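Data from upload-v3.txt: compact mmCIF, N, CA and C atoms
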# COMPACT_ATOMS: atom_id res chain seq x y z
N MET X 1 -0.06 23.91 21.85
CA MET X 1 -1.31 24.63 21.74
C MET X 1 -1.60 25.32 23.07
N TRP X 2 -2.34 26.39 22.98
CA TRP X 2 -2.91 27.02 24.17
C TRP X 2 -4.34 26.52 24.31
N VAL X 3 -4.74 26.23 25.53
CA VAL X 3 -6.11 25.81 25.82
C VAL X 3 -6.79 26.97 26.56
N ARG X 4 -7.84 27.53 25.96
CA ARG X 4 -8.56 28.65 26.57
C ARG X 4 -9.64 28.09 27.49
N LEU X 5 -9.33 28.09 28.79
CA LEU X 5 -10.24 27.49 29.76
C LEU X 5 -11.55 28.26 29.87
N ASP X 6 -11.52 29.58 29.69
CA ASP X 6 -12.76 30.38 29.76
C ASP X 6 -13.75 29.94 28.68
N THR X 7 -13.25 29.51 27.54
CA THR X 7 -14.12 29.07 26.45
C THR X 7 -14.56 27.62 26.66
N LEU X 8 -13.64 26.80 27.16
CA LEU X 8 -13.95 25.40 27.41
C LEU X 8 -14.94 25.24 28.57
N PHE X 9 -14.77 26.06 29.60
CA PHE X 9 -15.63 26.04 30.78
C PHE X 9 -16.24 27.42 30.97
N PRO X 10 -17.29 27.76 30.22
CA PRO X 10 -17.87 29.10 30.33
C PRO X 10 -18.32 29.38 31.76
N PRO X 11 -18.14 30.63 32.22
CA PRO X 11 -18.54 30.95 33.59
C PRO X 11 -20.06 30.83 33.78
N LEU X 12 -20.43 30.50 34.99
CA LEU X 12 -21.85 30.45 35.34
C LEU X 12 -22.41 31.86 35.41
N PRO X 13 -23.71 32.01 35.27
CA PRO X 13 -24.30 33.35 35.47
C PRO X 13 -23.94 33.88 36.85
N ASP X 14 -23.85 35.19 36.99
CA ASP X 14 -23.44 35.80 38.26
C ASP X 14 -24.24 35.31 39.44
N SER X 15 -25.51 35.04 39.25
CA SER X 15 -26.36 34.62 40.36
C SER X 15 -25.98 33.23 40.88
N ALA X 16 -25.35 32.41 40.06
CA ALA X 16 -24.98 31.06 40.47
C ALA X 16 -23.51 30.95 40.84
N ARG X 17 -22.79 32.05 40.81
CA ARG X 17 -21.35 32.03 41.03
C ARG X 17 -21.01 32.05 42.51
N ALA X 18 -20.05 31.26 42.91
CA ALA X 18 -19.54 31.24 44.28
C ALA X 18 -18.03 31.10 44.21
N THR X 19 -17.34 31.60 45.21
CA THR X 19 -15.89 31.46 45.28
C THR X 19 -15.56 30.28 46.17
N VAL X 20 -14.83 29.32 45.60
CA VAL X 20 -14.40 28.14 46.35
C VAL X 20 -12.88 28.16 46.32
N ALA X 21 -12.27 28.50 47.44
CA ALA X 21 -10.82 28.73 47.50
C ALA X 21 -10.01 27.50 47.09
N ASP X 22 -10.49 26.31 47.41
CA ASP X 22 -9.71 25.12 47.08
C ASP X 22 -10.22 24.44 45.81
N GLY X 23 -11.01 25.16 45.01
CA GLY X 23 -11.53 24.63 43.75
C GLY X 23 -10.53 24.80 42.61
N LEU X 24 -10.85 24.25 41.48
CA LEU X 24 -10.00 24.36 40.29
C LEU X 24 -10.19 25.72 39.64
N LEU X 25 -9.11 26.29 39.14
CA LEU X 25 -9.12 27.59 38.48
C LEU X 25 -9.41 27.37 36.99
N LEU X 26 -10.66 27.57 36.59
CA LEU X 26 -11.09 27.27 35.22
C LEU X 26 -11.17 28.51 34.36
N SER X 27 -10.24 29.43 34.56
CA SER X 27 -10.19 30.63 33.74
C SER X 27 -8.76 30.82 33.24
N GLY X 28 -8.63 31.65 32.23
CA GLY X 28 -7.31 31.91 31.67
C GLY X 28 -6.96 30.92 30.57
N THR X 29 -5.70 30.93 30.22
CA THR X 29 -5.17 30.10 29.15
C THR X 29 -4.00 29.29 29.69
N VAL X 30 -3.96 28.01 29.36
CA VAL X 30 -2.89 27.14 29.83
C VAL X 30 -2.24 26.44 28.63
N PRO X 31 -0.95 26.10 28.75
CA PRO X 31 -0.30 25.38 27.65
C PRO X 31 -0.80 23.94 27.59
N GLY X 32 -0.88 23.43 26.37
CA GLY X 32 -1.31 22.05 26.18
C GLY X 32 -0.47 21.39 25.10
N LEU X 33 -0.48 20.07 25.10
CA LEU X 33 0.24 19.29 24.10
C LEU X 33 -0.78 18.56 23.24
N LEU X 34 -0.86 18.93 21.98
CA LEU X 34 -1.82 18.35 21.04
C LEU X 34 -1.28 17.02 20.51
N HIS X 35 -2.11 15.97 20.58
CA HIS X 35 -1.72 14.65 20.08
C HIS X 35 -2.35 14.30 18.75
N GLY X 36 -3.46 14.94 18.42
CA GLY X 36 -4.12 14.60 17.17
C GLY X 36 -5.46 15.28 17.04
N TRP X 37 -6.00 15.19 15.84
CA TRP X 37 -7.31 15.76 15.52
C TRP X 37 -8.28 14.65 15.20
N PHE X 38 -9.52 14.83 15.63
CA PHE X 38 -10.59 13.89 15.33
C PHE X 38 -11.80 14.68 14.89
N ARG X 39 -12.59 14.09 14.02
CA ARG X 39 -13.79 14.75 13.54
C ARG X 39 -15.01 14.05 14.12
N SER X 40 -15.94 14.84 14.61
CA SER X 40 -17.16 14.25 15.16
C SER X 40 -18.14 13.93 14.04
N SER X 41 -19.20 13.21 14.37
CA SER X 41 -20.19 12.85 13.36
C SER X 41 -20.95 14.06 12.83
N THR X 42 -20.88 15.18 13.56
CA THR X 42 -21.53 16.41 13.10
C THR X 42 -20.58 17.30 12.30
N GLY X 43 -19.32 16.85 12.15
CA GLY X 43 -18.34 17.61 11.38
C GLY X 43 -17.45 18.52 12.20
N ALA X 44 -17.69 18.61 13.51
CA ALA X 44 -16.86 19.46 14.37
C ALA X 44 -15.50 18.81 14.58
N TRP X 45 -14.45 19.64 14.61
CA TRP X 45 -13.09 19.15 14.87
C TRP X 45 -12.81 19.19 16.36
N LEU X 46 -12.19 18.10 16.85
CA LEU X 46 -11.81 17.98 18.25
C LEU X 46 -10.32 17.69 18.33
N GLY X 47 -9.64 18.36 19.23
CA GLY X 47 -8.22 18.08 19.45
C GLY X 47 -8.04 17.19 20.66
N ALA X 48 -7.15 16.21 20.56
CA ALA X 48 -6.79 15.38 21.71
C ALA X 48 -5.59 16.06 22.37
N VAL X 49 -5.78 16.54 23.59
CA VAL X 49 -4.79 17.42 24.22
C VAL X 49 -4.50 16.97 25.65
N ASN X 50 -3.24 17.10 26.05
CA ASN X 50 -2.85 16.99 27.47
C ASN X 50 -2.66 18.40 27.98
N TYR X 51 -3.20 18.69 29.17
CA TYR X 51 -2.99 19.99 29.79
C TYR X 51 -3.22 19.86 31.28
N GLU X 52 -2.84 20.91 32.03
CA GLU X 52 -3.03 20.87 33.47
C GLU X 52 -3.81 22.09 33.94
N ILE X 53 -4.54 21.89 35.03
CA ILE X 53 -5.33 22.96 35.63
C ILE X 53 -4.83 23.16 37.06
N ARG X 54 -4.68 24.42 37.43
CA ARG X 54 -4.22 24.77 38.78
C ARG X 54 -5.41 24.93 39.72
N TYR X 55 -5.10 24.92 41.00
CA TYR X 55 -6.10 25.19 42.02
C TYR X 55 -6.17 26.69 42.28
N ALA X 56 -7.34 27.18 42.64
CA ALA X 56 -7.55 28.61 42.88
C ALA X 56 -6.74 29.13 44.06
N ASP X 57 -6.41 28.27 45.03
CA ASP X 57 -5.68 28.73 46.21
C ASP X 57 -4.18 28.82 46.00
N GLY X 58 -3.70 28.52 44.78
CA GLY X 58 -2.28 28.72 44.46
C GLY X 58 -1.36 27.58 44.85
N ARG X 59 -1.88 26.48 45.32
CA ARG X 59 -1.00 25.36 45.71
C ARG X 59 -0.18 24.90 44.51
N SER X 60 0.94 24.28 44.76
CA SER X 60 1.83 23.88 43.67
C SER X 60 1.32 22.65 42.92
N ARG X 61 0.53 21.82 43.57
CA ARG X 61 -0.03 20.63 42.92
C ARG X 61 -1.07 21.04 41.89
N THR X 62 -1.12 20.35 40.78
CA THR X 62 -2.09 20.64 39.73
C THR X 62 -2.84 19.35 39.37
N VAL X 63 -3.88 19.50 38.57
CA VAL X 63 -4.60 18.35 38.05
C VAL X 63 -4.17 18.19 36.60
N TRP X 64 -3.55 17.04 36.29
CA TRP X 64 -3.05 16.76 34.94
C TRP X 64 -4.12 15.99 34.18
N LEU X 65 -4.52 16.52 33.05
CA LEU X 65 -5.55 15.89 32.22
C LEU X 65 -4.91 15.38 30.94
N ALA X 66 -5.00 14.09 30.71
CA ALA X 66 -4.36 13.47 29.55
C ALA X 66 -5.40 13.05 28.52
N ASP X 67 -5.05 13.26 27.25
CA ASP X 67 -5.87 12.82 26.12
C ASP X 67 -7.32 13.29 26.21
N GLN X 68 -7.49 14.56 26.51
CA GLN X 68 -8.82 15.15 26.58
C GLN X 68 -9.26 15.62 25.21
N LEU X 69 -10.48 15.28 24.81
CA LEU X 69 -11.03 15.80 23.57
C LEU X 69 -11.66 17.15 23.83
N VAL X 70 -11.17 18.17 23.14
CA VAL X 70 -11.68 19.53 23.33
C VAL X 70 -12.03 20.12 21.96
N PRO X 71 -13.03 20.98 21.89
CA PRO X 71 -13.40 21.59 20.61
C PRO X 71 -12.26 22.45 20.06
N ARG X 72 -12.15 22.47 18.75
CA ARG X 72 -11.12 23.26 18.08
C ARG X 72 -11.14 24.72 18.53
N GLU X 73 -12.33 25.24 18.82
CA GLU X 73 -12.49 26.65 19.16
C GLU X 73 -11.75 27.06 20.44
N VAL X 74 -11.40 26.09 21.29
CA VAL X 74 -10.70 26.45 22.54
C VAL X 74 -9.18 26.35 22.39
N LEU X 75 -8.71 25.95 21.23
CA LEU X 75 -7.27 25.77 21.00
C LEU X 75 -6.70 26.88 20.12
N THR X 76 -5.50 27.34 20.50
CA THR X 76 -4.78 28.35 19.74
C THR X 76 -3.34 27.89 19.60
N PRO X 77 -2.74 27.98 18.41
CA PRO X 77 -1.33 27.57 18.25
C PRO X 77 -0.42 28.40 19.15
N ARG X 78 0.63 27.74 19.66
CA ARG X 78 1.65 28.40 20.47
C ARG X 78 2.87 28.67 19.61
N ASP X 79 3.47 29.82 19.79
CA ASP X 79 4.73 30.12 19.10
C ASP X 79 5.83 30.00 20.13
N ASP X 80 6.53 28.85 20.13
CA ASP X 80 7.59 28.59 21.12
C ASP X 80 8.96 29.01 20.62
N ALA X 81 9.04 29.66 19.47
CA ALA X 81 10.34 30.07 18.90
C ALA X 81 10.71 31.45 19.43
N ARG X 82 10.94 31.53 20.73
CA ARG X 82 11.31 32.83 21.33
C ARG X 82 12.78 32.95 21.50
Turn this file's structure into structure tokens for me.
Amino acid sequence: MWVRLDTLFPPLPDSARATVADGLLLSGTVPGLLHGWFRSSTGAWLGAVNYEIRYADGRSRTVWLADQLVPREVLTPRDDAR
């Protein structure tokens, strides 16, 4: 699956925005590994996903997030048959 970080972490209003060079890059789309689907008590579908987030300063180290519940709306199927 693709995880759309812009949808999962909507940007703050321009007035509250600041650039933090060593902060996490919460924009764009990153690959994720879907482990399963769960339904919330309100009927919303949540995917259990592993994915990683990079730092804004480009360092090679990333933050690996395992078994994160994310709304279905932030997930898009990946076509790996290239």
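Between CA of Thr76 (chain X) and CA of Arg39 (chain X) lies a distance of 17.5 Å.
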**Prompt:** Contacts of Asp57 (chain X) at 12 Å or less, counting only C-alpha atoms, minus same-chain residues fewer than 6 places along, as a PyMOL selection string?
**Reply:** chain X and resi 19-25
**Request:** Quote the spacing between atom N of Val3 (chain X) and CA of Val74 (chain X) in Å to one decimal place.
**Result:** 6.7 Å
**Point-to-point distance from atom C of Gly32 (chain X) to atom C of Asp67 (chain X), Å rounded to tenths** =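 Interatomic distance here is 10.7 Å.
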**Prompt:** In chain X, what's strand (DSSP E or B) per DSSP? Answer as a VMD selection string?
**Reply:** chain X and resid 2 to 4 24 29 to 39 45 to 55 62 to 71 75 to 76
**Request:** Identify, on the basis of all atoms listed in the file, every residue whose closest approach to Pro31 (chain X) does not exceed 7 Å; exclude the query and any residue fewer than 4 positions from it along the same chain; express the result as a list in words.
**Result:** Met1, Trp2, Val3, Asn50, Tyr51 and Glu52 of chain X
**Asked** Of the residues X:Gly36, X:Arg59, X:Arg78, X:Glu73, which is the one nearest to Leu5 (chain X), using only C-alpha atoms?
**Response**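 Of the candidates, the smallest distance to Leu5 (chain X) is held by X:Glu73.
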**Residue contacts of Ala48 (chain X) (6 Å, only N, CA and C atoms) excluding same-chain residues fewer than 2 positions away, as number ranges by chain** = X: 33-38, 46, 50, 67-70
Report the residues of chain X whose backbone DSSP state falls under alpha helix (DSSP H), written as a CSV table (one decimal) with N, CA and C atoms, in the frame of the given file.
chain,number,residue,atom,x,y,z
X,5,LEU,N,-9.3,28.1,28.8
X,5,LEU,CA,-10.2,27.5,29.8
X,5,LEU,C,-11.6,28.3,29.9
X,6,ASP,N,-11.5,29.6,29.7
X,6,ASP,CA,-12.8,30.4,29.8
X,6,ASP,C,-13.8,29.9,28.7
X,7,THR,N,-13.2,29.5,27.5
X,7,THR,CA,-14.1,29.1,26.4
X,7,THR,C,-14.6,27.6,26.7
X,8,LEU,N,-13.6,26.8,27.2
X,8,LEU,CA,-14.0,25.4,27.4
X,8,LEU,C,-14.9,25.2,28.6
**Message:** Which residue is closest to Arg4 (chain X)? Choose from X:Ala66, X:Ala56, X:Val49, X:Val30 and count only N, CA and C atoms.
**Reply:** X:Val30
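Residues in contact range of Ser27 (chain X), defined as at most 9 Å between only C-alpha atoms, with sequence neighbours fewer than 4 positions away removed, read Arg4, Leu5, Asp6, Thr7, Phe9, Pro10 and Pro11 of chain X.
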If I only have part of region 46-70 of chain X, can you fill in N, CA, C and O atoms and write it as an mmCIF file, in the coordinates of the input?
data_model
loop_
_atom_site.group_PDB
_atom_site.id
_atom_site.type_symbol
_atom_site.label_atom_id
_atom_site.label_comp_id
_atom_site.auth_asym_id
_atom_site.auth_seq_id
_atom_site.Cartn_x
_atom_site.Cartn_y
_atom_site.Cartn_z
ATOM 1 N N LEU X 46 -12.190 18.100 16.850
ATOM 2 C CA LEU X 46 -11.810 17.980 18.250
ATOM 3 C C LEU X 46 -10.320 17.690 18.330
ATOM 4 O O LEU X 46 -9.806 16.854 17.572
ATOM 5 N N GLY X 47 -9.640 18.360 19.230
ATOM 6 C CA GLY X 47 -8.220 18.080 19.450
ATOM 7 C C GLY X 47 -8.040 17.190 20.660
ATOM 8 O O GLY X 47 -8.711 17.380 21.677
ATOM 9 N N ALA X 48 -7.150 16.210 20.560
ATOM 10 C CA ALA X 48 -6.790 15.380 21.710
ATOM 11 C C ALA X 48 -5.590 16.060 22.370
ATOM 12 O O ALA X 48 -4.517 16.167 21.765
ATOM 13 N N VAL X 49 -5.780 16.540 23.590
ATOM 14 C CA VAL X 49 -4.790 17.420 24.220
ATOM 15 C C VAL X 49 -4.500 16.970 25.650
ATOM 16 O O VAL X 49 -5.394 16.532 26.375
ATOM 17 N N ASN X 50 -3.240 17.100 26.050
ATOM 18 C CA ASN X 50 -2.850 16.990 27.470
ATOM 19 C C ASN X 50 -2.660 18.400 27.980
ATOM 20 O O ASN X 50 -2.034 19.236 27.313
ATOM 21 N N TYR X 51 -3.200 18.690 29.170
ATOM 22 C CA TYR X 51 -2.990 19.990 29.790
ATOM 23 C C TYR X 51 -3.220 19.860 31.280
ATOM 24 O O TYR X 51 -3.677 18.830 31.768
ATOM 25 N N GLU X 52 -2.840 20.910 32.030
ATOM 26 C CA GLU X 52 -3.030 20.870 33.470
ATOM 27 C C GLU X 52 -3.810 22.090 33.940
ATOM 28 O O GLU X 52 -3.772 23.145 33.305
ATOM 29 N N ILE X 53 -4.540 21.890 35.030
ATOM 30 C CA ILE X 53 -5.330 22.960 35.630
ATOM 31 C C ILE X 53 -4.830 23.160 37.060
ATOM 32 O O ILE X 53 -4.576 22.203 37.791
ATOM 33 N N ARG X 54 -4.680 24.420 37.430
ATOM 34 C CA ARG X 54 -4.220 24.770 38.780
ATOM 35 C C ARG X 54 -5.410 24.930 39.720
ATOM 36 O O ARG X 54 -6.537 25.093 39.297
ATOM 37 N N TYR X 55 -5.100 24.920 41.000
ATOM 38 C CA TYR X 55 -6.100 25.190 42.020
ATOM 39 C C TYR X 55 -6.170 26.690 42.280
ATOM 40 O O TYR X 55 -5.169 27.405 42.155
ATOM 41 N N ALA X 56 -7.340 27.180 42.640
ATOM 42 C CA ALA X 56 -7.550 28.610 42.880
ATOM 43 C C ALA X 56 -6.740 29.130 44.060
ATOM 44 O O ALA X 56 -6.384 30.307 44.094
ATOM 45 N N ASP X 57 -6.410 28.270 45.030
ATOM 46 C CA ASP X 57 -5.680 28.730 46.210
ATOM 47 C C ASP X 57 -4.180 28.820 46.000
ATOM 48 O O ASP X 57 -3.426 29.170 46.908
ATOM 49 N N GLY X 58 -3.700 28.520 44.780
ATOM 50 C CA GLY X 58 -2.280 28.720 44.460
ATOM 51 C C GLY X 58 -1.360 27.580 44.850
ATOM 52 O O GLY X 58 -0.145 27.717 44.727
ATOM 53 N N ARG X 59 -1.880 26.480 45.320
ATOM 54 C CA ARG X 59 -1.000 25.360 45.710
ATOM 55 C C ARG X 59 -0.180 24.900 44.510
ATOM 56 O O ARG X 59 -0.578 25.110 43.360
ATOM 57 N N SER X 60 0.940 24.280 44.760
ATOM 58 C CA SER X 60 1.830 23.880 43.670
ATOM 59 C C SER X 60 1.320 22.650 42.920
ATOM 60 O O SER X 60 1.634 22.465 41.756
ATOM 61 N N ARG X 61 0.530 21.820 43.570
ATOM 62 C CA ARG X 61 -0.030 20.630 42.920
ATOM 63 C C ARG X 61 -1.070 21.040 41.890
ATOM 64 O O ARG X 61 -1.828 21.980 42.101
ATOM 65 N N THR X 62 -1.120 20.350 40.780
ATOM 66 C CA THR X 62 -2.090 20.640 39.730
ATOM 67 C C THR X 62 -2.840 19.350 39.370
ATOM 68 O O THR X 62 -2.473 18.266 39.805
ATOM 69 N N VAL X 63 -3.880 19.500 38.570
ATOM 70 C CA VAL X 63 -4.600 18.350 38.050
ATOM 71 C C VAL X 63 -4.170 18.190 36.600
ATOM 72 O O VAL X 63 -4.334 19.101 35.783
ATOM 73 N N TRP X 64 -3.550 17.040 36.290
ATOM 74 C CA TRP X 64 -3.050 16.760 34.940
ATOM 75 C C TRP X 64 -4.120 15.990 34.180
ATOM 76 O O TRP X 64 -4.580 14.943 34.632
ATOM 77 N N LEU X 65 -4.520 16.520 33.050
ATOM 78 C CA LEU X 65 -5.550 15.890 32.220
ATOM 79 C C LEU X 65 -4.910 15.380 30.940
ATOM 80 O O LEU X 65 -4.329 16.155 30.182
ATOM 81 N N ALA X 66 -5.000 14.090 30.710
ATOM 82 C CA ALA X 66 -4.360 13.470 29.550
ATOM 83 C C ALA X 66 -5.400 13.050 28.520
ATOM 84 O O ALA X 66 -6.479 12.565 28.877
ATOM 85 N N ASP X 67 -5.050 13.260 27.250
ATOM 86 C CA ASP X 67 -5.870 12.820 26.120
ATOM 87 C C ASP X 67 -7.320 13.290 26.210
ATOM 88 O O ASP X 67 -8.257 12.523 26.011
ATOM 89 N N GLN X 68 -7.490 14.560 26.510
ATOM 90 C CA GLN X 68 -8.820 15.150 26.580
ATOM 91 C C GLN X 68 -9.260 15.620 25.210
ATOM 92 O O GLN X 68 -8.505 16.284 24.500
ATOM 93 N N LEU X 69 -10.480 15.280 24.810
ATOM 94 C CA LEU X 69 -11.030 15.800 23.570
ATOM 95 C C LEU X 69 -11.660 17.150 23.830
ATOM 96 O O LEU X 69 -12.547 17.272 24.686
ATOM 97 N N VAL X 70 -11.170 18.170 23.140
ATOM 98 C CA VAL X 70 -11.680 19.530 23.330
ATOM 99 C C VAL X 70 -12.030 20.120 21.960
ATOM 100 O O VAL X 70 -11.393 19.798 20.952
#
